[in-house]
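I have placed the structure first, in the form of structure tokens, so that the comments after it can refer back to it.
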Amino acid sequence: MATNTSQGRSPRYSEEFKSLLSETWLGYALILPATILVAAIILYPTVRGIQMAFLEVSLLQPGEETFVGLENFAEMANDAVFRTALWQTVLLTALAVSLQYLLGMALAMVLKEKVPGMRFFRSVSMVTWVLPIIVMVILFRFMVQNGFGPANIVLGALGLETTYWFGDPEMAFPLIVLMHVWRNVPFYAIALMAAMNSIPETQYEAARLDGAGALQRFRHVTLPQISYVSMIMIVLHVIFTFNNFEIVYLSTGGGPLGNTEVLATYVYKTAFETYALGYAASMGVVMLVIMLTFTAVYVKLEDTD
Amino acid sequence: MGELEIRNLTKVFNDDSGDIVAVDDFEAEIEDGELIVLVGPSGCGKSTTLRCIAGLETPTQGDILVDGNDVTDNKPKNRDMAMVFQNYALYPHKTARGNMAFGLKMATDLSKEEIDERVEEVAAMMGIEDLLGKKPGDLSGGQQQRVALGRAIVREPEVFLMDEPLSNLDAKLRTQMRTELQSLQQEFGVTTVYVTHDQTEAMTMSDRIAVLNEGQLQQLGTPLECYHEPANRFVASFIGSPSMNFFELELDATGSPTLVNETFEYELDDDVYADVEGAGDRFTLGIRPEDVEAVPADTRNAIPAEVEVTEPLGDVTYVYLNVGGQQYTATLEGDIVLEAGRTIHVTFPQENIHLFDGDTGEAVRNRTPPEVDDFGTLTGVETGTGAEVAE
């Protein structure tokens, strides 16, 4: 037995090594197409975008690129429209995401109840999330239309002021927030409901015997156990809202008077209406950095909690 | 004090398919410090009974009294009871310390230091001081079990409620925790209601057993009462392992009184007949496997039986016998090997048989309970010094 092993050792190891090598190469070969694809559609545009932020490029002369260093970023500091857009983006994101989270939580608790007809209501409540954004925007625009929009008909019947609300400098921004909330609350609700349903009923029973009231049970049993899903939903929607372009562009286009201008629409206009590709790219980089910082900090906080 | 009284407890669940009576008129008086085990097959209503006591379910009817005070309509937290759940129900995001302290934090106005002190005291007693900083996910099943117990103990309740607390543990740990639970319960002397489907747990742990079936209390008695003097056929079959053998027989009183079925006849002694006389003519004869005796073929009341399987356990051997197409078990002393297919003769000693009414299953005659073996008489040592020998 002993001699057998010592004789068989070296060829066996070289065999092992060869097979490992060939298996490893096969592995690399198999992930190569996916790697190339990812590099082409994600890595290249990102790197190119960051690179362009330090260049002056015009869409009208795509071949001509001048290195300008941090000039684009310096310009941003003096650009009042940029500052307004940044502030409005942050405000919109903060308002929309917090309202979505609170209302989503409330809806989740309603959907969790075992009441007849709840299955139907659960499906119906998802409609706003499933609707294409353009359909949603057209619906909203129709509703606040002067003269025949249902919102205005109701307001008119009550003897209140009627107007095309997306054109109203005071009301356009709240309406944008409302559209974000209206659209995403069901998604929060479904995710939070799933998280809540995964908490065993016996934990609530144990808490009841431990003397915890309904609010304390929510605070000490429910909340800590949905915090992970909450984090995912909040990060996801902060990124979604911060970067969202369609809702604003399709409903108000950033107006009236720039009152609903957000970074995404401003970047688009800078790139494709004033053809300043380099400047637009540098604003894109600022957005990227803000989002990366936010996500990293939030995930870290959630981790240590 | 923790005297628990349950009167006419009934719980009916309404379902789409109609009403389901989970607990039907349950009655029990549980003394202070007593450990009572509710045992029965799945769906017999034992857990529902426990949950009604805990206040997690509202009884349809009946009253629950602690020390004479009606707590039927009290919230769970106002009953001074603590419960240990089958899956432990620890809060996964809290440390063992947080889990144990939670009840004190919610229900008492103790200061943080006092709570810490009490938690540490109980943890030391349970041998889990080192685990206090860990979360349930980092603990083994046995450790979680201890934390769950600690969480109940730290509250110093009047009544402990335990819902199959050992069934998620492996067999070895279960046996160990069983003894540990018992000694803890004796140490604290807290009234305990313990639910299990495991009759071994019921037999070994309890002061008294309540056997339930289909929502109805079948018998409430000491483990040995339930074992030797079962109230009915259900209790007889449920308590004891391997379970009791049953034979359906008819009484033929024309000659000397004899129980008859298609396969064999069993002639009754006069004193046994005296008990069954006038109780109808259909009976179920019950005999525990360990009371079955192998005898020569010409013995009185010898019954021929074909050996199907033998299971030697070392000290005893389980012999599975075929009598009239049905399988029965005999526990025979020693290491016996019997080849399958061989016919042997067995008999049932008259003093050890149980007779149940063939229709209702009620016990008509139970075996004579064996004398309680006294350790002193067994060993020849006087009772006073017997304890030392036992140490």
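We name chains A, B, ... following the order of the structure tokens; residues begin at 1 in each chain, and ligands are numbered from 1 as shown.
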Could you give me, as a tab-separated table, every chain A residue with an atom at most 9 Å from chain B, plus its closest atom pair and distance in Å to one decimal, counting only C-alpha atoms, rows ordered by chain then number?
residue	atom	partner	partner_atom	distance
A:Pro200	CA	B:Ala89	CA	7.6
A:Glu201	CA	B:Ala89	CA	8.6
A:Thr202	CA	B:Ala89	CA	5.6
A:Gln203	CA	B:Ala89	CA	4.9
A:Tyr204	CA	B:Ala89	CA	8.5
A:Glu205	CA	B:Leu56	CA	6.9
A:Ala206	CA	B:Ala89	CA	6.6
A:Ala207	CA	B:Gly103	CA	7.6
A:Arg208	CA	B:Pro76	CA	6.2
A:Leu209	CA	B:Lys77	CA	4.8
A:Asp210	CA	B:Gly103	CA	4.2
A:Gly211	CA	B:Lys77	CA	4.5
A:Ala212	CA	B:Met106	CA	5.7
A:Gly213	CA	B:Met106	CA	8.6
A:Gln216	CA	B:Met106	CA	8.5
A:His220	CA	B:Tyr91	CA	8.6
A:Val221	CA	B:Tyr91	CA	7.0
A:Pro224	CA	B:His93	CA	6.7
A:Gln225	CA	B:His93	CA	7.2
>> Quick one: residues within 12 Å of region 350-357 of chain B, only C-alpha atoms, excluding same-chain residues fewer than 5 positions away - as a ChimeraX atom specification?
In response: /B:227-237,244-251,259,266-273,275-293,300-301,362-370
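The coordinates place CA of Gln88 (chain A) at 13.4 Å from CA of Pro256 (chain A).
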>> So that I can check the secondary structure, give me every residue of region 19-229 of chain A assigned strand (DSSP E) by backbone DSSP, as a PyMOL selection string.
In response: chain A and resi 55-58+61-67
Keeping only N, CA and C atoms, write those residues as a short mmCIF file (atom, residue, chain, number, x, y, z; two decimals), in the first residue's frame.
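The file below, selection.cif, is the result:
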data_model
loop_
_atom_site.label_atom_id
_atom_site.label_comp_id
_atom_site.auth_asym_id
_atom_site.auth_seq_id
_atom_site.Cartn_x
_atom_site.Cartn_y
_atom_site.Cartn_z
N LEU A 55 -13.20 67.38 -20.11
CA LEU A 55 -12.95 67.87 -21.47
C LEU A 55 -13.99 68.91 -21.85
N GLU A 56 -13.66 69.68 -22.85
CA GLU A 56 -14.70 70.51 -23.45
C GLU A 56 -15.04 69.86 -24.78
N VAL A 57 -16.27 69.37 -24.86
CA VAL A 57 -16.72 68.69 -26.09
C VAL A 57 -18.05 69.30 -26.47
N SER A 58 -18.21 69.57 -27.76
CA SER A 58 -19.51 70.03 -28.21
C SER A 58 -20.13 68.96 -29.08
N GLN A 61 -19.28 69.50 -32.76
CA GLN A 61 -17.99 69.04 -33.31
C GLN A 61 -17.48 67.87 -32.47
N PRO A 62 -18.05 66.71 -32.69
CA PRO A 62 -17.75 65.57 -31.80
C PRO A 62 -16.28 65.20 -31.81
N GLY A 63 -15.56 65.46 -32.85
CA GLY A 63 -14.15 65.07 -32.93
C GLY A 63 -13.23 65.93 -32.09
N GLU A 64 -13.64 67.18 -31.84
CA GLU A 64 -12.73 68.11 -31.18
C GLU A 64 -12.89 68.07 -29.66
N GLU A 65 -11.86 67.66 -28.99
CA GLU A 65 -11.90 67.57 -27.54
C GLU A 65 -10.74 68.37 -26.97
N THR A 66 -11.05 69.26 -26.03
CA THR A 66 -9.98 70.02 -25.39
C THR A 66 -9.99 69.69 -23.90
N PHE A 67 -8.80 69.38 -23.35
CA PHE A 67 -8.71 69.11 -21.92
C PHE A 67 -8.82 70.42 -21.15
#
> Using only C-alpha atoms, which residue out of A:Val238, A:Ala271, A:Leu160, A:Ile199 lies closest to Gln100 (chain A)?
Replying inline: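 Among A:Val238, A:Ala271, A:Leu160, A:Ile199, it is A:Val238 that comes nearest to Gln100 (chain A).
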>> When you look at Thr196 (chain B) with a cut-off of 10 Å (counting only C-alpha atoms), what residues show up, excluding the ones that are within fewer than 4 positions of it in the same chain? I need them as a list in words.
In response: Val37, Leu38, Val39, Gly40, Pro41, Ser42, Lys46, Ser47, Gln86, Met162, Asp163, Glu164, Pro165, Leu166, Ser167, Thr200, Glu201 and Ala202 of chain B
Let me see the file: selected residues, C-alpha atoms, as a tab-separated table (two decimals), in the first residue's frame.
chain	number	residue	atom	x	y	z
B	37	VAL	CA	-48.46	17.85	31.30
B	38	LEU	CA	-51.10	18.11	28.61
B	39	VAL	CA	-50.51	15.24	26.25
B	40	GLY	CA	-52.30	13.90	23.21
B	41	PRO	CA	-51.97	13.39	19.47
B	42	SER	CA	-51.77	16.30	17.01
B	46	LYS	CA	-53.62	20.66	23.99
B	47	SER	CA	-51.93	23.69	22.44
B	86	GLN	CA	-41.73	25.35	20.51
B	162	MET	CA	-44.46	25.47	27.86
B	163	ASP	CA	-45.54	24.54	24.37
B	164	GLU	CA	-43.51	21.52	23.25
B	165	PRO	CA	-40.29	23.22	24.30
B	166	LEU	CA	-38.09	20.21	23.64
B	167	SER	CA	-39.39	18.95	20.33
B	200	THR	CA	-42.24	9.68	27.45
B	201	GLU	CA	-41.86	13.35	28.34
B	202	ALA	CA	-45.30	13.27	29.88
> Near Thr128 (chain A), within 8 Å and counting only C-alpha atoms, which residues show up once chain neighbours fewer than 3 positions away are dropped, as a PyMOL selection string?
Replying inline: chain A and resi 125+131+136+182-184+186
>> Please list as a list in words every residue within 12 Å of Glu170 (chain A), counting only C-alpha atoms and excluding residues in the same chain fewer than 4 positions away.
In response: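 Listing them by chain and then by number gives Thr163, Tyr164, Trp165, Phe166, Pro174, Leu175, Ile176, Gly255, Pro256, Leu257, Gly258, Asn259 and Thr260 of chain A.
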> Can you list every residue in region 9-184 of chain A that DSSP puts in helix (DSSP H, G or I), as an NGL selection string?
Replying inline: :A and (9-52 or 71-78 or 80-112 or 118-125 or 127-130 or 133-143 or 150-157 or 165-167 or 172-184)
Go ahead and save the picked residues with C-alpha atoms, as a compact mmCIF listing (two decimals), in the first residue's frame.
# COMPACT_ATOMS: atom_id res chain seq x y z
CA ARG A 9 1.95 10.46 -6.08
CA SER A 10 3.83 12.52 -8.65
CA PRO A 11 1.79 11.52 -11.71
CA ARG A 12 -1.38 11.93 -9.71
CA TYR A 13 -0.46 15.44 -8.64
CA SER A 14 0.56 16.47 -12.14
CA GLU A 15 -2.74 15.08 -13.39
CA GLU A 16 -4.59 17.04 -10.75
CA PHE A 17 -2.67 20.14 -11.69
CA LYS A 18 -3.34 19.71 -15.38
CA SER A 19 -7.03 19.15 -14.85
CA LEU A 20 -7.18 22.15 -12.53
CA LEU A 21 -5.43 24.25 -15.14
CA SER A 22 -7.64 23.09 -17.98
CA GLU A 23 -10.76 23.53 -15.83
CA THR A 24 -9.63 27.00 -14.84
CA TRP A 25 -9.00 28.01 -18.44
CA LEU A 26 -12.35 26.61 -19.41
CA GLY A 27 -13.86 28.74 -16.66
CA TYR A 28 -12.18 31.89 -17.95
CA ALA A 29 -13.27 31.05 -21.47
CA LEU A 30 -16.85 30.69 -20.32
CA ILE A 31 -17.04 34.05 -18.53
CA LEU A 32 -15.22 35.90 -21.31
CA PRO A 33 -18.27 36.75 -23.48
CA ALA A 34 -20.17 38.10 -20.47
CA THR A 35 -17.14 40.14 -19.39
CA ILE A 36 -16.77 41.70 -22.82
CA LEU A 37 -20.46 42.51 -22.92
CA VAL A 38 -20.39 44.15 -19.48
CA ALA A 39 -17.25 46.08 -20.39
CA ALA A 40 -18.82 47.32 -23.60
CA ILE A 41 -22.17 48.41 -22.23
CA ILE A 42 -21.34 49.47 -18.66
CA LEU A 43 -17.65 50.00 -18.14
CA TYR A 44 -16.89 51.92 -21.35
CA PRO A 45 -19.73 54.49 -21.07
CA THR A 46 -18.91 55.11 -17.41
CA VAL A 47 -15.24 55.63 -18.00
CA ARG A 48 -15.93 57.72 -21.10
CA GLY A 49 -18.44 59.83 -19.15
CA ILE A 50 -15.93 60.50 -16.39
CA GLN A 51 -13.27 61.28 -18.94
CA MET A 52 -15.55 63.73 -20.77
CA GLU A 71 -13.08 74.07 -15.31
CA ASN A 72 -16.43 72.32 -15.85
CA PHE A 73 -16.78 71.80 -12.11
CA ALA A 74 -15.83 75.39 -11.39
CA GLU A 75 -18.52 76.54 -13.80
CA MET A 76 -21.09 74.50 -11.95
CA ALA A 77 -20.40 76.44 -8.76
CA ASN A 78 -21.43 79.65 -10.52
CA ALA A 80 -27.58 79.24 -10.67
CA VAL A 81 -29.71 76.85 -12.71
CA PHE A 82 -27.50 73.96 -11.65
CA ARG A 83 -27.78 74.93 -8.00
CA THR A 84 -31.56 75.19 -8.23
CA ALA A 85 -31.75 71.87 -10.05
CA LEU A 86 -29.53 70.19 -7.46
CA TRP A 87 -31.57 71.58 -4.56
CA GLN A 88 -34.86 70.60 -6.22
CA THR A 89 -33.55 67.10 -6.95
CA VAL A 90 -32.54 66.61 -3.33
CA LEU A 91 -35.85 68.04 -2.07
CA LEU A 92 -37.87 65.92 -4.48
CA THR A 93 -35.93 62.78 -3.52
CA ALA A 94 -36.25 63.41 0.21
CA LEU A 95 -39.96 64.24 0.06
CA ALA A 96 -40.92 61.51 -2.37
CA VAL A 97 -38.96 58.72 -0.70
CA SER A 98 -40.09 59.56 2.84
CA LEU A 99 -43.73 59.86 1.81
CA GLN A 100 -43.48 56.67 -0.21
CA TYR A 101 -41.96 54.82 2.74
CA LEU A 102 -44.55 55.99 5.25
CA LEU A 103 -47.53 55.42 2.98
CA GLY A 104 -46.05 52.14 1.75
CA MET A 105 -45.74 50.94 5.33
CA ALA A 106 -49.32 51.93 6.05
CA LEU A 107 -50.54 50.17 2.91
CA ALA A 108 -48.47 47.08 3.79
CA MET A 109 -50.22 46.84 7.14
CA VAL A 110 -53.60 47.12 5.45
CA LEU A 111 -52.71 44.50 2.82
CA LYS A 112 -51.46 42.16 5.56
CA MET A 118 -58.02 41.48 0.24
CA ARG A 119 -56.46 39.35 -2.49
CA PHE A 120 -58.31 41.36 -5.10
CA PHE A 121 -57.39 44.66 -3.43
CA ARG A 122 -53.75 43.56 -3.28
CA SER A 123 -53.67 43.02 -7.04
CA VAL A 124 -55.51 46.25 -7.77
CA SER A 125 -53.17 48.25 -5.57
CA VAL A 127 -51.76 48.95 -10.87
CA THR A 128 -50.04 52.31 -10.43
CA TRP A 129 -46.67 50.61 -10.31
CA VAL A 130 -47.27 48.50 -13.39
CA ILE A 133 -44.62 56.18 -16.93
CA ILE A 134 -45.89 57.91 -20.06
CA VAL A 135 -49.41 56.61 -19.42
CA MET A 136 -49.24 57.81 -15.84
CA VAL A 137 -48.08 61.27 -16.89
CA ILE A 138 -50.80 61.58 -19.54
CA LEU A 139 -53.37 60.54 -16.93
CA PHE A 140 -52.15 63.20 -14.53
CA ARG A 141 -52.00 65.83 -17.21
CA PHE A 142 -55.54 65.00 -18.22
CA MET A 143 -56.75 65.14 -14.63
CA PRO A 150 -61.67 65.75 -13.27
CA ALA A 151 -59.59 67.53 -10.62
CA ASN A 152 -60.66 70.89 -11.94
CA ILE A 153 -64.28 69.85 -12.37
CA VAL A 154 -64.36 68.96 -8.67
CA LEU A 155 -62.58 72.17 -7.69
CA GLY A 156 -64.88 74.19 -9.91
CA ALA A 157 -67.96 72.57 -8.40
CA TRP A 165 -51.94 72.86 -12.44
CA PHE A 166 -48.73 71.70 -14.13
CA GLY A 167 -48.43 75.26 -15.41
CA ALA A 172 -46.06 72.01 -10.33
CA PHE A 173 -43.43 70.78 -7.89
CA PRO A 174 -45.87 69.21 -5.40
CA LEU A 175 -47.56 67.52 -8.34
CA ILE A 176 -44.24 65.99 -9.40
CA VAL A 177 -43.73 64.71 -5.85
CA LEU A 178 -47.28 63.35 -5.89
CA MET A 179 -46.64 61.43 -9.12
CA HIS A 180 -43.53 59.80 -7.68
CA VAL A 181 -45.40 58.82 -4.54
CA TRP A 182 -48.50 57.62 -6.36
CA ARG A 183 -46.41 55.45 -8.61
CA ASN A 184 -44.11 53.74 -6.08
>> Can you pull out the residues contacting Asn243 (chain A)? Cut-off 12 Å, using only C-alpha atoms, and skip same-chain residues under 2 positions away; I want them as JSON, numbers by chain.
In response: {"A": [85, 86, 89, 90, 92, 93, 236, 237, 238, 239, 240, 241, 245, 246, 247, 248, 249, 262, 263, 264, 265, 266, 267, 268, 283, 284, 286, 287, 288, 290, 291]}
For the residues in the current selection, export N, CA and C atoms as a PDB file, in the first residue's frame.
ATOM      1  N   ALA A  85     -31.424  73.246  -9.656  1.00  0.00           N
ATOM      2  CA  ALA A  85     -31.754  71.872 -10.053  1.00  0.00           C
ATOM      3  C   ALA A  85     -31.276  70.880  -8.997  1.00  0.00           C
ATOM      4  N   LEU A  86     -30.073  71.093  -8.481  1.00  0.00           N
ATOM      5  CA  LEU A  86     -29.534  70.185  -7.460  1.00  0.00           C
ATOM      6  C   LEU A  86     -30.404  70.231  -6.210  1.00  0.00           C
ATOM      7  N   THR A  89     -33.698  68.564  -6.869  1.00  0.00           N
ATOM      8  CA  THR A  89     -33.550  67.105  -6.954  1.00  0.00           C
ATOM      9  C   THR A  89     -33.492  66.501  -5.558  1.00  0.00           C
ATOM     10  N   VAL A  90     -32.685  67.137  -4.697  1.00  0.00           N
ATOM     11  CA  VAL A  90     -32.544  66.615  -3.332  1.00  0.00           C
ATOM     12  C   VAL A  90     -33.884  66.701  -2.601  1.00  0.00           C
ATOM     13  N   LEU A  92     -36.933  66.871  -3.881  1.00  0.00           N
ATOM     14  CA  LEU A  92     -37.872  65.919  -4.484  1.00  0.00           C
ATOM     15  C   LEU A  92     -37.590  64.510  -3.968  1.00  0.00           C
ATOM     16  N   THR A  93     -36.298  64.133  -3.961  1.00  0.00           N
ATOM     17  CA  THR A  93     -35.934  62.782  -3.525  1.00  0.00           C
ATOM     18  C   THR A  93     -36.312  62.584  -2.061  1.00  0.00           C
ATOM     19  N   LEU A 236     -32.830  51.919  -3.310  1.00  0.00           N
ATOM     20  CA  LEU A 236     -33.305  51.753  -4.684  1.00  0.00           C
ATOM     21  C   LEU A 236     -34.070  52.985  -5.152  1.00  0.00           C
ATOM     22  N   HIS A 237     -34.968  53.488  -4.300  1.00  0.00           N
ATOM     23  CA  HIS A 237     -35.830  54.579  -4.720  1.00  0.00           C
ATOM     24  C   HIS A 237     -35.152  55.935  -4.641  1.00  0.00           C
ATOM     25  N   VAL A 238     -34.177  56.068  -3.742  1.00  0.00           N
ATOM     26  CA  VAL A 238     -33.406  57.312  -3.743  1.00  0.00           C
ATOM     27  C   VAL A 238     -32.678  57.422  -5.083  1.00  0.00           C
ATOM     28  N   ILE A 239     -32.056  56.317  -5.494  1.00  0.00           N
ATOM     29  CA  ILE A 239     -31.345  56.344  -6.779  1.00  0.00           C
ATOM     30  C   ILE A 239     -32.333  56.586  -7.921  1.00  0.00           C
ATOM     31  N   PHE A 240     -33.452  55.883  -7.861  1.00  0.00           N
ATOM     32  CA  PHE A 240     -34.443  56.006  -8.920  1.00  0.00           C
ATOM     33  C   PHE A 240     -34.977  57.438  -9.009  1.00  0.00           C
ATOM     34  N   THR A 241     -35.323  58.010  -7.873  1.00  0.00           N
ATOM     35  CA  THR A 241     -35.908  59.352  -7.880  1.00  0.00           C
ATOM     36  C   THR A 241     -34.871  60.407  -8.246  1.00  0.00           C
ATOM     37  N   PHE A 245     -35.845  60.971 -14.911  1.00  0.00           N
ATOM     38  CA  PHE A 245     -35.909  61.968 -15.966  1.00  0.00           C
ATOM     39  C   PHE A 245     -37.311  62.055 -16.558  1.00  0.00           C
ATOM     40  N   GLU A 246     -37.896  60.898 -16.829  1.00  0.00           N
ATOM     41  CA  GLU A 246     -39.137  60.873 -17.607  1.00  0.00           C
ATOM     42  C   GLU A 246     -40.266  61.644 -16.953  1.00  0.00           C
ATOM     43  N   ILE A 247     -40.447  61.417 -15.634  1.00  0.00           N
ATOM     44  CA  ILE A 247     -41.629  61.984 -14.994  1.00  0.00           C
ATOM     45  C   ILE A 247     -41.625  63.510 -15.123  1.00  0.00           C
ATOM     46  N   VAL A 248     -40.489  64.123 -14.811  1.00  0.00           N
ATOM     47  CA  VAL A 248     -40.414  65.582 -14.896  1.00  0.00           C
ATOM     48  C   VAL A 248     -40.464  66.041 -16.360  1.00  0.00           C
ATOM     49  N   TYR A 249     -39.657  65.405 -17.200  1.00  0.00           N
ATOM     50  CA  TYR A 249     -39.542  65.868 -18.584  1.00  0.00           C
ATOM     51  C   TYR A 249     -40.874  65.773 -19.312  1.00  0.00           C
ATOM     52  N   VAL A 262     -34.853  69.450 -12.492  1.00  0.00           N
ATOM     53  CA  VAL A 262     -34.017  68.560 -11.684  1.00  0.00           C
ATOM     54  C   VAL A 262     -32.741  68.279 -12.463  1.00  0.00           C
ATOM     55  N   LEU A 263     -31.777  67.628 -11.813  1.00  0.00           N
ATOM     56  CA  LEU A 263     -30.483  67.411 -12.461  1.00  0.00           C
ATOM     57  C   LEU A 263     -30.628  66.631 -13.762  1.00  0.00           C
ATOM     58  N   ALA A 264     -31.464  65.587 -13.741  1.00  0.00           N
ATOM     59  CA  ALA A 264     -31.565  64.737 -14.926  1.00  0.00           C
ATOM     60  C   ALA A 264     -32.033  65.546 -16.137  1.00  0.00           C
ATOM     61  N   THR A 265     -33.057  66.412 -15.937  1.00  0.00           N
ATOM     62  CA  THR A 265     -33.554  67.197 -17.076  1.00  0.00           C
ATOM     63  C   THR A 265     -32.535  68.258 -17.484  1.00  0.00           C
ATOM     64  N   TYR A 266     -31.851  68.831 -16.510  1.00  0.00           N
ATOM     65  CA  TYR A 266     -30.873  69.866 -16.822  1.00  0.00           C
ATOM     66  C   TYR A 266     -29.688  69.279 -17.588  1.00  0.00           C
ATOM     67  N   VAL A 267     -29.236  68.096 -17.169  1.00  0.00           N
ATOM     68  CA  VAL A 267     -28.148  67.419 -17.888  1.00  0.00           C
ATOM     69  C   VAL A 267     -28.579  67.155 -19.330  1.00  0.00           C
ATOM     70  N   TYR A 268     -29.804  66.684 -19.500  1.00  0.00           N
ATOM     71  CA  TYR A 268     -30.307  66.372 -20.843  1.00  0.00           C
ATOM     72  C   TYR A 268     -30.323  67.625 -21.714  1.00  0.00           C
ATOM     73  N   MET A 283     -21.635  67.190 -14.831  1.00  0.00           N
ATOM     74  CA  MET A 283     -22.774  67.152 -13.900  1.00  0.00           C
ATOM     75  C   MET A 283     -23.186  65.712 -13.610  1.00  0.00           C
ATOM     76  N   GLY A 284     -23.087  64.875 -14.657  1.00  0.00           N
ATOM     77  CA  GLY A 284     -23.355  63.445 -14.460  1.00  0.00           C
ATOM     78  C   GLY A 284     -22.423  62.849 -13.419  1.00  0.00           C
ATOM     79  N   VAL A 286     -21.022  64.433 -10.942  1.00  0.00           N
ATOM     80  CA  VAL A 286     -21.454  64.905  -9.623  1.00  0.00           C
ATOM     81  C   VAL A 286     -22.612  64.045  -9.111  1.00  0.00           C
ATOM     82  N   MET A 287     -23.565  63.762  -9.987  1.00  0.00           N
ATOM     83  CA  MET A 287     -24.693  62.907  -9.586  1.00  0.00           C
ATOM     84  C   MET A 287     -24.202  61.536  -9.138  1.00  0.00           C
ATOM     85  N   LEU A 288     -23.271  60.989  -9.889  1.00  0.00           N
ATOM     86  CA  LEU A 288     -22.726  59.661  -9.578  1.00  0.00           C
ATOM     87  C   LEU A 288     -22.078  59.659  -8.201  1.00  0.00           C
ATOM     88  N   ILE A 290     -22.590  61.758  -5.694  1.00  0.00           N
ATOM     89  CA  ILE A 290     -23.587  61.926  -4.620  1.00  0.00           C
ATOM     90  C   ILE A 290     -24.268  60.589  -4.324  1.00  0.00           C
ATOM     91  N   MET A 291     -24.673  59.893  -5.381  1.00  0.00           N
ATOM     92  CA  MET A 291     -25.382  58.631  -5.189  1.00  0.00           C
ATOM     93  C   MET A 291     -24.484  57.573  -4.555  1.00  0.00           C
TER      94      MET A 291
END
